[in-house]
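Engineer: protein_28.cif is reproduced in full below (mmCIF, C-alpha atoms).
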```
data_work
loop_
_atom_site.group_PDB
_atom_site.id
_atom_site.type_symbol
_atom_site.label_atom_id
_atom_site.label_comp_id
_atom_site.auth_asym_id
_atom_site.auth_seq_id
_atom_site.Cartn_x
_atom_site.Cartn_y
_atom_site.Cartn_z
ATOM 1 C CA MET X 1 0.000 0.000 0.000
ATOM 2 C CA SER X 2 1.213 3.505 -0.799
ATOM 3 C CA SER X 3 2.347 5.419 2.266
ATOM 4 C CA GLU X 4 1.300 8.740 0.735
ATOM 5 C CA PRO X 5 -1.079 10.070 3.389
ATOM 6 C CA LYS X 6 -4.164 12.205 3.114
ATOM 7 C CA ILE X 7 -3.737 15.758 4.433
ATOM 8 C CA GLU X 8 -6.285 17.961 6.110
ATOM 9 C CA LEU X 9 -6.221 21.430 7.574
ATOM 10 C CA GLY X 10 -8.164 22.120 10.755
ATOM 11 C CA ARG X 11 -9.188 25.468 12.143
ATOM 12 C CA ARG X 12 -11.130 26.366 15.285
ATOM 13 C CA TYR X 13 -13.576 29.260 15.551
ATOM 14 C CA LYS X 14 -15.741 30.525 18.387
ATOM 15 C CA PHE X 15 -19.168 32.060 18.703
ATOM 16 C CA ALA X 16 -21.520 32.757 21.591
ATOM 17 C CA ALA X 17 -25.253 32.269 21.224
ATOM 18 C CA SER X 18 -28.417 31.442 23.097
ATOM 19 C CA HIS X 19 -30.959 28.756 22.365
ATOM 20 C CA ARG X 20 -33.928 26.915 23.797
ATOM 21 C CA LEU X 21 -34.585 23.256 23.193
ATOM 22 C CA HIS X 22 -38.300 22.886 22.556
ATOM 23 C CA SER X 23 -40.062 20.731 20.009
ATOM 24 C CA ALA X 24 -43.434 21.845 18.648
ATOM 25 C CA GLN X 25 -44.231 18.174 18.110
ATOM 26 C CA LEU X 26 -44.148 17.428 21.843
ATOM 27 C CA SER X 27 -46.407 18.535 24.682
ATOM 28 C CA ASP X 28 -45.101 20.944 27.327
ATOM 29 C CA GLU X 29 -44.701 18.037 29.754
ATOM 30 C CA GLU X 30 -42.834 15.923 27.215
ATOM 31 C CA ASN X 31 -40.597 18.858 26.290
ATOM 32 C CA TRP X 32 -39.694 19.293 29.925
ATOM 33 C CA ARG X 33 -39.117 15.574 30.372
ATOM 34 C CA VAL X 34 -36.892 15.325 27.265
ATOM 35 C CA TYR X 35 -34.963 18.588 27.451
ATOM 36 C CA GLY X 36 -35.018 19.365 31.189
ATOM 37 C CA LYS X 37 -33.498 22.739 32.019
ATOM 38 C CA CYS X 38 -32.616 23.318 28.353
ATOM 39 C CA ASN X 39 -36.385 23.791 27.871
ATOM 40 C CA ASN X 40 -36.391 26.942 30.046
ATOM 41 C CA PRO X 41 -38.741 29.279 28.084
ATOM 42 C CA HIS X 42 -36.324 32.210 28.125
ATOM 43 C CA GLY X 43 -33.420 30.230 26.756
ATOM 44 C CA HIS X 44 -29.782 30.097 27.844
ATOM 45 C CA GLY X 45 -26.429 30.421 26.129
ATOM 46 C CA HIS X 46 -23.120 28.772 25.354
ATOM 47 C CA ASN X 47 -19.676 29.622 24.032
ATOM 48 C CA TYR X 48 -19.544 27.327 21.045
ATOM 49 C CA VAL X 49 -16.366 26.143 19.346
ATOM 50 C CA VAL X 50 -16.549 25.157 15.684
ATOM 51 C CA GLU X 51 -13.745 23.033 14.281
ATOM 52 C CA VAL X 52 -13.645 22.917 10.479
ATOM 53 C CA ALA X 53 -11.563 20.342 8.577
ATOM 54 C CA VAL X 54 -10.813 20.768 4.874
ATOM 55 C CA SER X 55 -8.679 18.786 2.453
ATOM 56 C CA GLY X 56 -7.101 19.310 -0.948
ATOM 57 C CA ALA X 57 -3.784 19.287 -2.746
ATOM 58 C CA VAL X 58 -1.003 21.238 -1.065
ATOM 59 C CA ASP X 59 -0.071 24.014 -3.491
ATOM 60 C CA ARG X 60 3.647 23.822 -4.317
ATOM 61 C CA ALA X 61 4.038 27.598 -4.486
ATOM 62 C CA THR X 62 2.378 28.412 -1.169
ATOM 63 C CA GLY X 63 2.683 25.180 0.820
ATOM 64 C CA MET X 64 -1.007 25.511 1.621
ATOM 65 C CA ILE X 65 -4.202 23.529 1.076
ATOM 66 C CA VAL X 66 -6.006 26.847 1.261
ATOM 67 C CA ASN X 67 -5.020 30.331 2.297
ATOM 68 C CA LEU X 68 -6.246 30.775 5.865
ATOM 69 C CA ALA X 69 -7.461 34.274 5.082
ATOM 70 C CA ASP X 70 -9.887 32.790 2.519
ATOM 71 C CA LEU X 71 -11.135 30.085 4.893
ATOM 72 C CA ASP X 72 -11.454 32.540 7.789
ATOM 73 C CA GLY X 73 -13.338 35.024 5.609
ATOM 74 C CA TYR X 74 -15.785 32.375 4.409
ATOM 75 C CA VAL X 75 -16.468 30.981 7.894
ATOM 76 C CA GLU X 76 -16.826 34.500 9.259
ATOM 77 C CA GLN X 77 -19.401 35.375 6.612
ATOM 78 C CA GLU X 78 -21.335 32.075 6.573
ATOM 79 C CA VAL X 79 -21.256 31.155 10.241
ATOM 80 C CA ILE X 80 -19.876 33.667 12.699
ATOM 81 C CA GLU X 81 -21.826 36.679 11.431
ATOM 82 C CA VAL X 82 -25.008 34.589 11.337
ATOM 83 C CA PHE X 83 -24.665 32.838 14.721
ATOM 84 C CA ASP X 84 -22.530 35.002 16.993
ATOM 85 C CA HIS X 85 -24.398 36.867 19.736
ATOM 86 C CA LYS X 86 -27.719 35.693 18.365
ATOM 87 C CA SER X 87 -30.674 33.764 19.654
ATOM 88 C CA LEU X 88 -30.449 30.692 17.441
ATOM 89 C CA ASN X 89 -34.194 29.979 17.683
ATOM 90 C CA GLU X 90 -35.243 33.511 16.821
ATOM 91 C CA ASP X 91 -32.476 34.911 14.656
ATOM 92 C CA VAL X 92 -31.387 31.975 12.478
ATOM 93 C CA ALA X 93 -34.000 30.943 9.914
ATOM 94 C CA ALA X 94 -32.839 27.322 9.866
ATOM 95 C CA PHE X 95 -33.924 26.929 13.508
ATOM 96 C CA HIS X 96 -37.410 28.354 13.237
ATOM 97 C CA ASP X 97 -38.764 24.836 12.775
ATOM 98 C CA VAL X 98 -35.761 22.756 13.804
ATOM 99 C CA VAL X 99 -34.640 22.326 17.416
ATOM 100 C CA PRO X 100 -31.197 23.960 17.798
ATOM 101 C CA THR X 101 -29.491 21.024 19.436
ATOM 102 C CA THR X 102 -25.774 20.878 18.795
ATOM 103 C CA GLU X 103 -26.411 17.952 16.418
ATOM 104 C CA ASN X 104 -28.583 20.211 14.272
ATOM 105 C CA ILE X 105 -26.211 23.177 14.614
ATOM 106 C CA CYS X 106 -23.406 20.930 13.395
ATOM 107 C CA LYS X 107 -25.425 19.865 10.334
ATOM 108 C CA GLU X 108 -26.475 23.438 9.557
ATOM 109 C CA ILE X 109 -22.877 24.655 9.698
ATOM 110 C CA TYR X 110 -21.814 21.773 7.464
ATOM 111 C CA GLN X 111 -24.478 22.739 4.900
ATOM 112 C CA ARG X 112 -23.318 26.349 5.019
ATOM 113 C CA LEU X 113 -19.645 25.502 4.550
ATOM 114 C CA LYS X 114 -19.840 22.691 2.011
ATOM 115 C CA ARG X 115 -19.994 25.175 -0.872
ATOM 116 C CA PHE X 116 -16.612 26.649 0.109
ATOM 117 C CA PRO X 117 -14.972 26.865 -3.322
ATOM 118 C CA LYS X 118 -11.288 26.646 -2.404
ATOM 119 C CA ALA X 119 -10.997 23.296 -0.565
ATOM 120 C CA LYS X 120 -13.100 20.231 0.143
ATOM 121 C CA LEU X 121 -15.029 20.326 3.395
ATOM 122 C CA GLU X 122 -14.329 17.101 5.272
ATOM 123 C CA ARG X 123 -15.977 17.573 8.619
ATOM 124 C CA VAL X 124 -17.496 19.995 11.089
ATOM 125 C CA ARG X 125 -17.137 19.527 14.838
ATOM 126 C CA VAL X 126 -19.089 21.677 17.253
ATOM 127 C CA GLU X 127 -18.320 21.832 20.962
ATOM 128 C CA GLU X 128 -21.224 23.172 22.998
ATOM 129 C CA THR X 129 -19.182 23.081 26.177
ATOM 130 C CA SER X 130 -15.771 21.588 26.844
ATOM 131 C CA ASN X 131 -17.586 18.342 27.722
ATOM 132 C CA ASN X 132 -19.966 18.031 24.744
ATOM 133 C CA ALA X 133 -18.853 17.672 21.144
ATOM 134 C CA PHE X 134 -20.580 16.621 17.945
ATOM 135 C CA GLU X 135 -19.181 15.887 14.498
ATOM 136 C CA TYR X 136 -20.789 15.735 11.078
ATOM 137 C CA ALA X 137 -19.118 14.691 7.847
ATOM 138 C CA GLY X 138 -22.093 14.886 5.518
ATOM 139 C CA GLU X 139 -23.109 11.235 5.754
ATOM 140 C CA GLU X 140 -26.773 10.448 5.293
ATOM 141 C CA ILE X 141 -28.029 7.455 7.212
ATOM 142 C CA MET S 1 -5.782 -16.929 15.141
ATOM 143 C CA HIS S 2 -9.081 -18.734 15.616
ATOM 144 C CA GLN S 3 -11.703 -17.831 13.099
ATOM 145 C CA ASN S 4 -14.120 -16.621 15.712
ATOM 146 C CA GLU S 5 -11.535 -14.553 17.533
ATOM 147 C CA GLN S 6 -12.303 -10.896 17.069
ATOM 148 C CA ILE S 7 -9.643 -8.558 15.743
ATOM 149 C CA THR S 8 -9.545 -5.499 17.952
ATOM 150 C CA MET S 9 -7.850 -2.498 16.426
ATOM 151 C CA VAL S 10 -6.652 -0.097 19.080
ATOM 152 C CA TYR S 11 -5.421 3.441 18.461
ATOM 153 C CA LEU S 12 -2.609 4.725 20.628
ATOM 154 C CA THR S 13 -1.781 8.438 20.689
ATOM 155 C CA ARG S 14 1.279 10.157 22.064
ATOM 156 C CA LYS S 15 1.719 13.894 22.284
ATOM 157 C CA ILE S 16 4.936 15.919 22.212
ATOM 158 C CA GLU S 17 5.742 19.608 21.966
ATOM 159 C CA PHE S 18 8.486 21.499 20.239
ATOM 160 C CA SER S 19 9.222 25.147 19.616
ATOM 161 C CA ALA S 20 10.553 26.460 16.344
ATOM 162 C CA SER S 21 10.705 29.518 14.137
ATOM 163 C CA HIS S 22 9.849 29.865 10.477
ATOM 164 C CA LEU S 23 8.856 32.311 7.780
ATOM 165 C CA TYR S 24 6.805 31.974 4.623
ATOM 166 C CA HIS S 25 8.523 33.226 1.505
ATOM 167 C CA ASN S 26 8.544 31.916 -2.048
ATOM 168 C CA PRO S 27 11.524 33.324 -4.009
ATOM 169 C CA ALA S 28 9.666 32.656 -7.278
ATOM 170 C CA LEU S 29 7.083 35.281 -6.326
ATOM 171 C CA SER S 30 7.490 39.051 -6.173
ATOM 172 C CA THR S 31 7.843 40.907 -2.888
ATOM 173 C CA GLU S 32 4.288 42.191 -3.274
ATOM 174 C CA GLU S 33 2.865 38.735 -3.996
ATOM 175 C CA ASN S 34 4.685 37.261 -1.020
ATOM 176 C CA LYS S 35 3.249 39.993 1.175
ATOM 177 C CA ARG S 36 -0.253 39.532 -0.234
ATOM 178 C CA ILE S 37 -0.327 35.735 0.086
ATOM 179 C CA PHE S 38 1.580 35.223 3.310
ATOM 180 C CA GLY S 39 0.821 38.460 5.194
ATOM 181 C CA LYS S 40 2.676 38.807 8.477
ATOM 182 C CA CYS S 41 4.073 35.258 8.112
ATOM 183 C CA ASN S 42 6.322 36.807 5.421
ATOM 184 C CA ASN S 43 8.301 38.865 7.976
ATOM 185 C CA PRO S 44 11.909 38.333 6.779
ATOM 186 C CA HIS S 45 13.316 37.625 10.231
ATOM 187 C CA GLY S 46 10.746 34.925 10.960
ATOM 188 C CA HIS S 47 8.586 34.248 13.965
ATOM 189 C CA GLY S 48 7.922 31.198 16.108
ATOM 190 C CA HIS S 49 5.374 28.832 17.570
ATOM 191 C CA ASN S 50 5.011 26.218 20.254
ATOM 192 C CA TYR S 51 3.972 23.245 18.171
ATOM 193 C CA THR S 52 2.053 20.313 19.574
ATOM 194 C CA LEU S 53 2.287 17.016 17.758
ATOM 195 C CA GLU S 54 -0.111 14.106 18.246
ATOM 196 C CA VAL S 55 0.956 10.795 16.768
ATOM 197 C CA THR S 56 -1.524 7.918 16.532
ATOM 198 C CA ILE S 57 -0.486 4.297 15.989
ATOM 199 C CA ALA S 58 -3.059 1.654 15.035
ATOM 200 C CA GLY S 59 -2.610 -1.977 15.937
ATOM 201 C CA GLU S 60 -3.695 -4.962 17.950
ATOM 202 C CA PRO S 61 -2.371 -5.194 21.500
ATOM 203 C CA ASP S 62 0.263 -7.895 21.792
ATOM 204 C CA PRO S 63 -1.295 -10.821 23.736
ATOM 205 C CA ILE S 64 1.757 -11.087 26.006
ATOM 206 C CA THR S 65 2.592 -7.445 26.752
ATOM 207 C CA GLY S 66 -0.849 -5.901 26.191
ATOM 208 C CA MET S 67 0.816 -3.165 24.137
ATOM 209 C CA VAL S 68 0.260 -1.982 20.564
ATOM 210 C CA LEU S 69 3.754 -0.528 20.673
ATOM 211 C CA ASP S 70 6.036 0.085 23.636
ATOM 212 C CA LEU S 71 5.535 3.752 24.564
ATOM 213 C CA LYS S 72 9.215 4.081 25.468
ATOM 214 C CA GLU S 73 10.131 3.061 21.964
ATOM 215 C CA LEU S 74 7.646 5.524 20.453
ATOM 216 C CA LYS S 75 9.016 8.244 22.711
ATOM 217 C CA GLU S 76 12.547 7.543 21.493
ATOM 218 C CA ILE S 77 11.485 7.565 17.842
ATOM 219 C CA LEU S 78 9.736 10.926 18.319
ATOM 220 C CA GLU S 79 12.727 12.331 20.189
ATOM 221 C CA ARG S 80 15.137 11.250 17.463
ATOM 222 C CA GLU S 81 13.064 12.009 14.378
ATOM 223 C CA VAL S 82 11.166 15.118 15.447
ATOM 224 C CA THR S 83 12.466 16.802 18.597
ATOM 225 C CA GLN S 84 16.159 16.626 17.767
ATOM 226 C CA ARG S 85 15.484 17.734 14.209
ATOM 227 C CA MET S 86 13.012 20.556 14.831
ATOM 228 C CA ASP S 87 12.994 21.729 18.440
ATOM 229 C CA HIS S 88 14.530 25.184 18.869
ATOM 230 C CA ARG S 89 15.383 25.327 15.187
ATOM 231 C CA PHE S 90 14.657 27.731 12.374
ATOM 232 C CA LEU S 91 12.661 25.382 10.158
ATOM 233 C CA ASN S 92 13.488 27.097 6.843
ATOM 234 C CA TYR S 93 17.253 26.914 7.328
ATOM 235 C CA GLU S 94 17.950 24.037 9.661
ATOM 236 C CA VAL S 95 15.634 21.203 8.621
ATOM 237 C CA ALA S 96 16.916 19.612 5.425
ATOM 238 C CA GLU S 97 13.598 17.878 4.703
ATOM 239 C CA LEU S 98 11.879 21.265 4.464
ATOM 240 C CA LYS S 99 14.418 22.734 2.076
ATOM 241 C CA ASP S 100 12.689 24.403 -0.904
ATOM 242 C CA GLN S 101 9.301 24.026 0.764
ATOM 243 C CA ILE S 102 7.262 26.663 2.561
ATOM 244 C CA PRO S 103 7.194 25.406 6.177
ATOM 245 C CA THR S 104 3.419 25.583 6.552
ATOM 246 C CA CYS S 105 1.656 23.295 8.957
ATOM 247 C CA GLU S 106 0.596 21.155 5.949
ATOM 248 C CA ASN S 107 4.176 20.688 4.746
ATOM 249 C CA ILE S 108 5.667 20.125 8.208
ATOM 250 C CA VAL S 109 3.081 17.473 9.057
ATOM 251 C CA ARG S 110 3.798 15.667 5.780
ATOM 252 C CA VAL S 111 7.541 15.736 6.473
ATOM 253 C CA ILE S 112 6.888 14.319 9.943
ATOM 254 C CA TRP S 113 4.641 11.601 8.492
ATOM 255 C CA ASN S 114 7.354 10.591 6.017
ATOM 256 C CA LEU S 115 9.997 10.540 8.767
ATOM 257 C CA LEU S 116 7.906 8.430 11.152
ATOM 258 C CA GLU S 117 6.122 6.062 8.784
ATOM 259 C CA PRO S 118 9.090 3.767 8.044
ATOM 260 C CA LYS S 119 10.220 3.833 11.681
ATOM 261 C CA ILE S 120 7.024 2.389 13.150
ATOM 262 C CA GLN S 121 7.584 -1.358 13.047
ATOM 263 C CA GLN S 122 4.962 -2.505 15.541
ATOM 264 C CA GLY S 123 1.465 -1.399 14.661
ATOM 265 C CA ARG S 124 1.132 1.117 11.834
ATOM 266 C CA LEU S 125 1.349 4.874 11.762
ATOM 267 C CA HIS S 126 -2.274 5.930 11.455
ATOM 268 C CA LYS S 127 -2.489 9.663 11.992
ATOM 269 C CA VAL S 128 -0.251 12.642 12.683
ATOM 270 C CA ARG S 129 -1.777 15.916 13.805
ATOM 271 C CA LEU S 130 0.346 19.042 14.211
ATOM 272 C CA TYR S 131 -0.974 22.096 16.024
ATOM 273 C CA GLU S 132 0.724 25.387 15.175
ATOM 274 C CA THR S 133 -1.571 27.155 17.640
ATOM 275 C CA PRO S 134 -4.532 25.722 19.579
ATOM 276 C CA ASP S 135 -6.812 26.984 16.766
ATOM 277 C CA LEU S 136 -4.845 25.795 13.743
ATOM 278 C CA PHE S 137 -3.666 22.331 12.860
ATOM 279 C CA ALA S 138 -2.909 20.065 9.931
ATOM 280 C CA GLU S 139 -3.414 16.339 9.961
ATOM 281 C CA CYS S 140 -2.098 13.452 7.882
ATOM 282 C CA TYR S 141 -3.713 10.056 7.971
ATOM 283 C CA ARG S 142 -3.302 6.835 6.109
ATOM 284 C CA ASN S 143 -5.018 7.056 2.779
ATOM 285 C CA GLY S 144 -7.945 4.674 2.539
ATOM 286 C CA ALA S 145 -8.059 4.018 6.279
ATOM 287 C CA THR S 146 -10.989 4.904 8.482
ATOM 288 C CA ARG S 147 -9.960 8.097 10.195
ATOM 289 C CA GLY S 148 -10.304 6.542 13.654
#
```
If you convert what's in this file into structure tokens, what do you get?
Structural biologist:
Amino acid sequence: MSSEPKIELGRRYKFAASHRLHSAQLSDEENWRVYGKCNNPHGHGHNYVVEVAVSGAVDRATGMIVNLADLDGYVEQEVIEVFDHKSLNEDVAAFHDVVPTTENICKEIYQRLKRFPKAKLERVRVEETSNNAFEYAGEEI
Amino acid sequence: MHQNEQITMVYLTRKIEFSASHLYHNPALSTEENKRIFGKCNNPHGHGHNYTLEVTIAGEPDPITGMVLDLKELKEILEREVTQRMDHRFLNYEVAELKDQIPTCENIVRVIWNLLEPKIQQGRLHKVRLYETPDLFAECYRNGATRG
């Protein structure tokens, strides 16, 4: 087997946002039972960390898969400006009908970044706290 | 091995740190292009980082020792191949393997992969992740393997 490895670049970003976990398909009692304190009607917040992994050929002239300024600019525009210091339920259209669990946030960020034109998006990891992390690589079950 | 005996792949990761300086400059490009592409990383006198390297070996634990690979041995390989070569060095000028390459995280991690891969005799080198800062890293992993 060839020992030529696959190479990825990973970058971590941060945003702070509030959310409330509440499903319109469940009763108030069921919502409370399923989501517990995350169902608090006024919401609560987290400092989220988003880890983005991209792959591609390493350009001989620059030594880079992608210029970080381009990746940073794209993530800033597609994710940070949309999510940072926002109420995810109220301010982000994708979560008007979808519960903003970190699983769903992870998938939404993946959808937003997969059109990045300068490298292939491999994976998005979102840490809700330092003890909770979720990853999505675009697989459909 | 008995047919019904399950193969259990275990991933072992060891972390080391080294500090080094570098600069990004491609002599084939103009001064302006270098500045535009590389920004402050193009500072002619260089700058430095504390790098963190995570090396993951995949294998089955030996039935007698319970080890995928003796950690002491891995530590010595990393000391010899990486620390002695790169720690407290100016990567552009002092690491032969990086000669004529821009010492980006992508290129350094590939050099490290190529240095370590033939040296790992027990288990197989599976993944190498190099952090330049806590928010920026590059990762090499065996092509075709599950990332693990």
Engineer: Give the residues of chain X that lie within 10 Å of chain S; count all atoms listed in the file, and format the answer as a PyMOL selection string.
Structural biologist: chain X and resi 1-14+49-55+57-69
Engineer: Report the distance between CA of Leu23 in chain S and CA of Gly46 in chain S in Å, rounded to one decimal place.
Structural biologist: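 These two atoms are separated by 4.5 Å.
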Engineer: Restricting the calculation to all atoms listed in the file: of X:Asn104, X:Ser27, X:Gln111, X:Ser87, which residue gets closest to Val126 in chain X?
Structural biologist: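 Smallest distance to Val126 in chain X is found for X:Asn104.
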Engineer: Mind pulling up the distance from CA of Val55 in chain S to CA of Val68 in chain S?
Structural biologist: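 CA of Val55 in chain S lies at a distance of 13.3 Å from CA of Val68 in chain S.
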Engineer: Using the chain letters and numbers from this file, what does the PyMOL selection byres ((chain S and resi 9) around 7) select? Give the answer as a ChimeraX atom specification.
Structural biologist: /S:7-8,10-11,58-60
Engineer: Would you write out, as a PDB file with C-alpha atoms, in the frame of the given file, every residue that the PyMOL selection byres ((chain X and resi 80-82) around 10) captures in this file?
Structural biologist:
```
ATOM      1  CA  TYR X  13     -13.576  29.260  15.551  1.00  0.00           C
ATOM      2  CA  LYS X  14     -15.741  30.525  18.387  1.00  0.00           C
ATOM      3  CA  PHE X  15     -19.168  32.060  18.703  1.00  0.00           C
ATOM      4  CA  ALA X  16     -21.520  32.757  21.591  1.00  0.00           C
ATOM      5  CA  VAL X  50     -16.549  25.157  15.684  1.00  0.00           C
ATOM      6  CA  ASP X  72     -11.454  32.540   7.789  1.00  0.00           C
ATOM      7  CA  GLY X  73     -13.338  35.024   5.609  1.00  0.00           C
ATOM      8  CA  TYR X  74     -15.785  32.375   4.409  1.00  0.00           C
ATOM      9  CA  VAL X  75     -16.468  30.981   7.894  1.00  0.00           C
ATOM     10  CA  GLU X  76     -16.826  34.500   9.259  1.00  0.00           C
ATOM     11  CA  GLN X  77     -19.401  35.375   6.612  1.00  0.00           C
ATOM     12  CA  GLU X  78     -21.335  32.075   6.573  1.00  0.00           C
ATOM     13  CA  VAL X  79     -21.256  31.155  10.241  1.00  0.00           C
ATOM     14  CA  PHE X  83     -24.665  32.838  14.721  1.00  0.00           C
ATOM     15  CA  ASP X  84     -22.530  35.002  16.993  1.00  0.00           C
ATOM     16  CA  HIS X  85     -24.398  36.867  19.736  1.00  0.00           C
ATOM     17  CA  LYS X  86     -27.719  35.693  18.365  1.00  0.00           C
ATOM     18  CA  LEU X  88     -30.449  30.692  17.441  1.00  0.00           C
ATOM     19  CA  ASP X  91     -32.476  34.911  14.656  1.00  0.00           C
ATOM     20  CA  VAL X  92     -31.387  31.975  12.478  1.00  0.00           C
ATOM     21  CA  ALA X  93     -34.000  30.943   9.914  1.00  0.00           C
ATOM     22  CA  ILE X 109     -22.877  24.655   9.698  1.00  0.00           C
TER      23      ILE X 109
END
```
Engineer: Using all atoms listed in the file, which protein or nucleic acid residues come within 8 Å of range 18-23 of chain X? Drop anything in the same chain fewer than 3 positions from it, and give the result as a VMD selection string.
Structural biologist: chain X and resid 26 31 35 38 to 46 85 to 89 98 to 101
Engineer: To test the calculation: enclose all listed atoms of range 77-92 of chain S in a box whose edges run along x, y and z, add 3 Å on each side, then state centre and edge lengths in Å to one decimal, as JSON.
Structural biologist:
```
{"center_x": 12.9, "center_y": 17.6, "center_z": 13.5, "size_x": 12.4, "size_y": 26.2, "size_z": 19.3}
```
Engineer: Could you tell me which residues the PyMOL selection byres ((chain S and resi 82) around 10) grabs in this file, written as number ranges by chain?
Structural biologist: S: 16-18, 53, 76-81, 83-87, 111-112, 115-116
Engineer: Rounded to one decimal in Å, what is the spacing between CA of Leu98 in chain S and CA of Arg36 in chain S?
Structural biologist: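 According to the coordinates, CA of Leu98 in chain S and CA of Arg36 in chain S are separated by 22.4 Å.
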Engineer: Just want the 12 Å neighbourhood of His47 in chain S, counted on all atoms listed in the file, with same-chain residues fewer than 2 positions away dropped. Output as a PDB file with C-alpha atoms, in the coordinates of the input.
Structural biologist:
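The resulting file, selection.pdb, is shown below:
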```pdb
ATOM      1  CA  SER S  19       9.222  25.147  19.616  1.00  0.00           C
ATOM      2  CA  ALA S  20      10.553  26.460  16.344  1.00  0.00           C
ATOM      3  CA  SER S  21      10.705  29.518  14.137  1.00  0.00           C
ATOM      4  CA  HIS S  22       9.849  29.865  10.477  1.00  0.00           C
ATOM      5  CA  LEU S  23       8.856  32.311   7.780  1.00  0.00           C
ATOM      6  CA  TYR S  24       6.805  31.974   4.623  1.00  0.00           C
ATOM      7  CA  LYS S  40       2.676  38.807   8.477  1.00  0.00           C
ATOM      8  CA  CYS S  41       4.073  35.258   8.112  1.00  0.00           C
ATOM      9  CA  ASN S  42       6.322  36.807   5.421  1.00  0.00           C
ATOM     10  CA  ASN S  43       8.301  38.865   7.976  1.00  0.00           C
ATOM     11  CA  PRO S  44      11.909  38.333   6.779  1.00  0.00           C
ATOM     12  CA  HIS S  45      13.316  37.625  10.231  1.00  0.00           C
ATOM     13  CA  HIS S  49       5.374  28.832  17.570  1.00  0.00           C
ATOM     14  CA  ASN S  50       5.011  26.218  20.254  1.00  0.00           C
ATOM     15  CA  HIS S  88      14.530  25.184  18.869  1.00  0.00           C
ATOM     16  CA  ARG S  89      15.383  25.327  15.187  1.00  0.00           C
ATOM     17  CA  PHE S  90      14.657  27.731  12.374  1.00  0.00           C
ATOM     18  CA  LEU S  91      12.661  25.382  10.158  1.00  0.00           C
ATOM     19  CA  ASN S  92      13.488  27.097   6.843  1.00  0.00           C
ATOM     20  CA  PRO S 103       7.194  25.406   6.177  1.00  0.00           C
ATOM     21  CA  GLU S 132       0.724  25.387  15.175  1.00  0.00           C
TER      22      GLU S 132
END
```
Engineer: Please write as number ranges by chain the list of polymer residues whose atoms come within 8 Å of (-23.5, 24.4, 24.3), counting all atoms listed in the file and keeping to the coordinates of the file.
Structural biologist: X: 45-48, 102, 127-129, 132
Engineer: Counting all atoms listed in the file, which of X:Glu29, X:Asp97, X:Glu122, X:Glu90 gets nearest to Glu139 in chain X?
Structural biologist: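 Checking each candidate against Glu139 in chain X, we get X:Glu122 as the closest.
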Engineer: For range 78-87 of chain S, where the input has fewer atoms than it should, I would like N, CA, C and O atoms rebuilt and written as a short mmCIF file (atom, residue, chain, number, x, y, z; two decimals), keeping the file's coordinate frame.
Structural biologist:
```
data_model
loop_
_atom_site.label_atom_id
_atom_site.label_comp_id
_atom_site.auth_asym_id
_atom_site.auth_seq_id
_atom_site.Cartn_x
_atom_site.Cartn_y
_atom_site.Cartn_z
N LEU S 78 10.17 9.52 18.45
CA LEU S 78 9.74 10.93 18.32
C LEU S 78 10.86 11.88 18.71
O LEU S 78 11.07 12.92 18.08
N GLU S 79 11.60 11.51 19.74
CA GLU S 79 12.73 12.33 20.19
C GLU S 79 13.77 12.46 19.07
O GLU S 79 14.24 13.54 18.74
N ARG S 80 14.09 11.30 18.48
CA ARG S 80 15.14 11.25 17.46
C ARG S 80 14.70 11.91 16.15
O ARG S 80 15.41 12.72 15.58
N GLU S 81 13.50 11.57 15.71
CA GLU S 81 13.06 12.01 14.38
C GLU S 81 12.50 13.43 14.37
O GLU S 81 12.62 14.13 13.37
N VAL S 82 11.85 13.82 15.46
CA VAL S 82 11.17 15.12 15.45
C VAL S 82 11.86 16.13 16.36
O VAL S 82 12.30 17.18 15.91
N THR S 83 11.97 15.81 17.65
CA THR S 83 12.47 16.80 18.60
C THR S 83 13.88 17.24 18.24
O THR S 83 14.17 18.44 18.14
N GLN S 84 14.77 16.26 18.05
CA GLN S 84 16.16 16.63 17.77
C GLN S 84 16.29 17.39 16.46
O GLN S 84 17.16 18.24 16.30
N ARG S 85 15.41 17.09 15.52
CA ARG S 85 15.48 17.73 14.21
C ARG S 85 14.88 19.13 14.22
O ARG S 85 15.36 20.03 13.55
N MET S 86 13.80 19.32 14.98
CA MET S 86 13.01 20.56 14.83
C MET S 86 12.95 21.46 16.05
O MET S 86 12.68 22.65 15.92
N ASP S 87 13.19 20.91 17.24
CA ASP S 87 12.99 21.73 18.44
C ASP S 87 14.07 22.80 18.56
O ASP S 87 15.26 22.52 18.44
#
```
